[in-house]
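Text of upload_26.pdb (PDB, C-alpha atoms) as supplied:
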ATOM      1  CA  MET W   1      91.533 127.579  83.599  1.00  0.00           C
ATOM      2  CA  MET W   2      92.469 125.367  86.507  1.00  0.00           C
ATOM      3  CA  VAL W   3      95.877 123.687  86.566  1.00  0.00           C
ATOM      4  CA  ARG W   4      94.090 120.322  86.542  1.00  0.00           C
ATOM      5  CA  ASP W   5      92.693 121.140  83.092  1.00  0.00           C
ATOM      6  CA  LYS W   6      96.196 121.609  81.656  1.00  0.00           C
ATOM      7  CA  ILE W   7      97.459 118.183  82.691  1.00  0.00           C
ATOM      8  CA  GLU W   8      96.311 115.148  80.748  1.00  0.00           C
ATOM      9  CA  TYR W   9      95.902 112.830  83.717  1.00  0.00           C
ATOM     10  CA  GLU W  10      94.526 110.062  81.525  1.00  0.00           C
ATOM     11  CA  HIS W  11      98.067 109.636  80.140  1.00  0.00           C
ATOM     12  CA  LEU W  12      99.709 109.184  83.554  1.00  0.00           C
ATOM     13  CA  PRO W  13     101.860 107.478  84.545  1.00  0.00           C
ATOM     14  CA  ALA W  14     103.916 108.469  81.539  1.00  0.00           C
ATOM     15  CA  GLY W  15     105.513 105.643  79.617  1.00  0.00           C
ATOM     16  CA  MET W  16     103.100 102.982  80.868  1.00  0.00           C
ATOM     17  CA  ALA W  17     101.645 100.756  78.162  1.00  0.00           C
ATOM     18  CA  MET W  18      97.887 101.347  78.335  1.00  0.00           C
ATOM     19  CA  ASP W  19      94.869 100.006  76.553  1.00  0.00           C
ATOM     20  CA  GLU W  20      91.597 101.788  75.832  1.00  0.00           C
ATOM     21  CA  THR W  21      90.229 100.775  79.231  1.00  0.00           C
ATOM     22  CA  ASP W  22      93.229 102.265  81.052  1.00  0.00           C
ATOM     23  CA  TYR W  23      92.700 105.589  79.293  1.00  0.00           C
ATOM     24  CA  GLY W  24      88.944 105.458  79.876  1.00  0.00           C
ATOM     25  CA  LEU W  25      89.345 104.852  83.601  1.00  0.00           C
ATOM     26  CA  ARG W  26      91.888 107.620  83.978  1.00  0.00           C
ATOM     27  CA  TYR W  27      89.730 110.030  81.987  1.00  0.00           C
ATOM     28  CA  TYR W  28      86.742 109.104  84.160  1.00  0.00           C
ATOM     29  CA  LEU W  29      88.754 110.077  87.231  1.00  0.00           C
ATOM     30  CA  THR W  30      89.720 113.433  85.691  1.00  0.00           C
ATOM     31  CA  GLU W  31      86.041 114.287  85.583  1.00  0.00           C
ATOM     32  CA  LEU W  32      85.617 113.853  89.355  1.00  0.00           C
ATOM     33  CA  SER W  33      85.867 117.042  91.370  1.00  0.00           C
ATOM     34  CA  ASP W  34      88.679 117.720  93.794  1.00  0.00           C
ATOM     35  CA  GLU W  35      86.094 117.931  96.561  1.00  0.00           C
ATOM     36  CA  HIS W  36      84.709 114.491  95.757  1.00  0.00           C
ATOM     37  CA  LEU W  37      88.161 112.925  95.485  1.00  0.00           C
ATOM     38  CA  MET W  38      89.239 114.442  98.795  1.00  0.00           C
ATOM     39  CA  GLN W  39      86.391 112.569 100.510  1.00  0.00           C
ATOM     40  CA  TYR W  40      87.909 109.218  99.524  1.00  0.00           C
ATOM     41  CA  ASP W  41      89.363 107.194 102.394  1.00  0.00           C
ATOM     42  CA  PRO W  42      91.700 104.276 101.574  1.00  0.00           C
ATOM     43  CA  ALA W  43      90.517 102.585 104.776  1.00  0.00           C
ATOM     44  CA  TRP W  44      86.998 102.201 103.366  1.00  0.00           C
ATOM     45  CA  THR W  45      85.708  98.753 102.533  1.00  0.00           C
ATOM     46  CA  ASP W  46      85.148  97.908  98.893  1.00  0.00           C
ATOM     47  CA  GLU W  47      81.421  98.360  99.450  1.00  0.00           C
ATOM     48  CA  GLU W  48      81.984 101.871 100.824  1.00  0.00           C
ATOM     49  CA  VAL W  49      84.130 102.812  97.825  1.00  0.00           C
ATOM     50  CA  ILE W  50      81.471 101.496  95.459  1.00  0.00           C
ATOM     51  CA  ALA W  51      78.788 103.532  97.268  1.00  0.00           C
ATOM     52  CA  TRP W  52      81.007 106.651  97.253  1.00  0.00           C
ATOM     53  CA  ASP W  53      81.686 106.398  93.529  1.00  0.00           C
ATOM     54  CA  ASP W  54      78.130 105.281  92.684  1.00  0.00           C
ATOM     55  CA  ASN W  55      79.058 104.111  89.177  1.00  0.00           C
ATOM     56  CA  PHE W  56      79.514 100.379  89.653  1.00  0.00           C
ATOM     57  CA  THR W  57      77.343  97.684  88.170  1.00  0.00           C
ATOM     58  CA  GLU W  58      75.614  94.981  90.208  1.00  0.00           C
ATOM     59  CA  ASP W  59      78.413  92.559  89.314  1.00  0.00           C
ATOM     60  CA  GLY W  60      80.985  94.819  91.011  1.00  0.00           C
ATOM     61  CA  ASN W  61      82.668  96.388  87.979  1.00  0.00           C
ATOM     62  CA  LEU W  62      82.953 100.070  87.173  1.00  0.00           C
ATOM     63  CA  PHE W  63      80.434 101.144  84.555  1.00  0.00           C
ATOM     64  CA  LEU W  64      82.310 102.724  81.653  1.00  0.00           C
ATOM     65  CA  VAL W  65      81.348 102.791  78.004  1.00  0.00           C
ATOM     66  CA  CYS W  66      83.749 101.686  75.270  1.00  0.00           C
ATOM     67  CA  CYS W  67      85.897  99.468  77.453  1.00  0.00           C
ATOM     68  CA  GLU W  68      87.852  96.453  76.319  1.00  0.00           C
ATOM     69  CA  ARG W  69      87.722  94.797  79.726  1.00  0.00           C
ATOM     70  CA  ASP W  70      86.070  95.035  83.129  1.00  0.00           C
ATOM     71  CA  ILE W  71      87.460  97.250  85.884  1.00  0.00           C
ATOM     72  CA  ASP W  72      87.050  95.614  89.260  1.00  0.00           C
ATOM     73  CA  ILE W  73      87.249  97.369  92.594  1.00  0.00           C
ATOM     74  CA  ALA W  74      90.910  96.425  93.156  1.00  0.00           C
ATOM     75  CA  GLU W  75      92.040  98.038  89.890  1.00  0.00           C
ATOM     76  CA  PHE W  76      89.763 101.017  90.468  1.00  0.00           C
ATOM     77  CA  ARG W  77      91.206 101.651  93.929  1.00  0.00           C
ATOM     78  CA  ALA W  78      94.811 101.351  92.747  1.00  0.00           C
ATOM     79  CA  VAL W  79      94.328 103.789  89.864  1.00  0.00           C
ATOM     80  CA  LEU W  80      92.173 106.112  91.994  1.00  0.00           C
ATOM     81  CA  GLU W  81      94.827 106.382  94.699  1.00  0.00           C
ATOM     82  CA  GLU W  82      97.509 107.010  92.085  1.00  0.00           C
ATOM     83  CA  HIS W  83      95.300 109.638  90.448  1.00  0.00           C
ATOM     84  CA  ILE W  84      94.709 111.405  93.775  1.00  0.00           C
ATOM     85  CA  GLU W  85      98.479 111.631  94.240  1.00  0.00           C
ATOM     86  CA  PHE W  86      98.986 113.002  90.713  1.00  0.00           C
ATOM     87  CA  ARG W  87      96.438 115.717  91.446  1.00  0.00           C
ATOM     88  CA  GLY W  88      98.139 116.575  94.718  1.00  0.00           C
ATOM     89  CA  LEU W  89      95.077 115.785  96.802  1.00  0.00           C
ATOM     90  CA  THR W  90      96.682 113.480  99.344  1.00  0.00           C
ATOM     91  CA  LYS W  91      95.811 114.193 102.934  1.00  0.00           C
TER      92      LYS W  91
END
Could you write out this file's structure as structure tokens?
Amino acid sequence: MMVRDKIEYEHLPAGMAMDETDYGLRYYLTELSDEHLMQYDPAWTDEEVIAWDDNFTEDGNLFLVCCERDIDIAEFRAVLEEHIEFRGLTK
């Protein structure tokens, strides 16, 4: 079992009030491989991030099921970068 599997990243940051969408987004990120996450470049344009992730709808929101609200690219990037740090994948 990898260390990543022992940490419930969808609950981080600890103590933050989260809704179902927050948990869903964080869980979605836990399913991405380290290799894929390490390709991410914060300098990319929003369009490049959307192409890299390849799970955004035509209206520019992340496609997740069972969400209470839309996740736009700004929220996605912020949580993604935080998630990469939690996993220790910063360059």
Residues returned when the PyMOL selection byres ((chain W and resi 82) around 12) runs on this file, as a list of chain:residue names: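 After applying the PyMOL selection byres ((chain W and resi 82) around 12), what remains is W:Tyr9, W:Glu10, W:Leu12, W:Pro13, W:Leu25, W:Arg26, W:Leu29, W:Thr30, W:Leu37, W:Pro42, W:Glu75, W:Phe76, W:Arg77, W:Ala78, W:Val79, W:Leu80, W:Glu81, W:His83, W:Ile84, W:Glu85, W:Phe86, W:Arg87, W:Gly88, W:Leu89, W:Thr90.
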Spatial neighbours of Leu62 in chain W, 6 Å, all atoms listed in the file, chain gap at least 5 places, as a PyMOL selection string: chain W and resi 55-56+71
Write a file of the just-selected residues containing C-alpha atoms, as a PDB file, in the frame of the given file.
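Contents of result11.pdb, as written:
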ATOM      1  CA  ASN W  55      79.058 104.111  89.177  1.00  0.00           C
ATOM      2  CA  PHE W  56      79.514 100.379  89.653  1.00  0.00           C
ATOM      3  CA  ILE W  71      87.460  97.250  85.884  1.00  0.00           C
TER       4      ILE W  71
END
Residue contacts of His36 in chain W (10 Å, all atoms listed in the file) excluding same-chain residues fewer than 3 positions away, as an mmCIF file with C-alpha atoms, in the frame of the given file:
data_model
loop_
_atom_site.group_PDB
_atom_site.id
_atom_site.type_symbol
_atom_site.label_atom_id
_atom_site.label_comp_id
_atom_site.auth_asym_id
_atom_site.auth_seq_id
_atom_site.Cartn_x
_atom_site.Cartn_y
_atom_site.Cartn_z
ATOM 1 C CA LEU W 32 85.617 113.853 89.355
ATOM 2 C CA SER W 33 85.867 117.042 91.370
ATOM 3 C CA GLN W 39 86.391 112.569 100.510
ATOM 4 C CA TYR W 40 87.909 109.218 99.524
ATOM 5 C CA TRP W 52 81.007 106.651 97.253
ATOM 6 C CA ASP W 53 81.686 106.398 93.529
#
Point-to-point distance in Å for CA of Arg69 in chain W and CA of Glu47 in chain W: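 Separating CA of Glu47 in chain W from CA of Arg69 in chain W is a distance of 21.0 Å.
Residue nearest Trp44 in chain W, chosen from W:Ile73, W:Leu64, W:Glu8, W:Asp22 and counting all atoms listed in the file: W:Ile73.
One finds CA of Asn61 in chain W at 17.1 Å from CA of Asp19 in chain W.
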Computed interatomic separation between CA of Asp70 in chain W and CA of Thr21 in chain W (Å): 8.1 Å
Selection near Glu58 in chain W, 12 Å with all atoms listed in the file, sequence-local residues under 5 positions removed, as a list of chain:residue names: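 Near Glu58 in chain W, the qualifying residues are W:Glu47, W:Ile50, W:Ala51, W:Phe63, W:Asp72.
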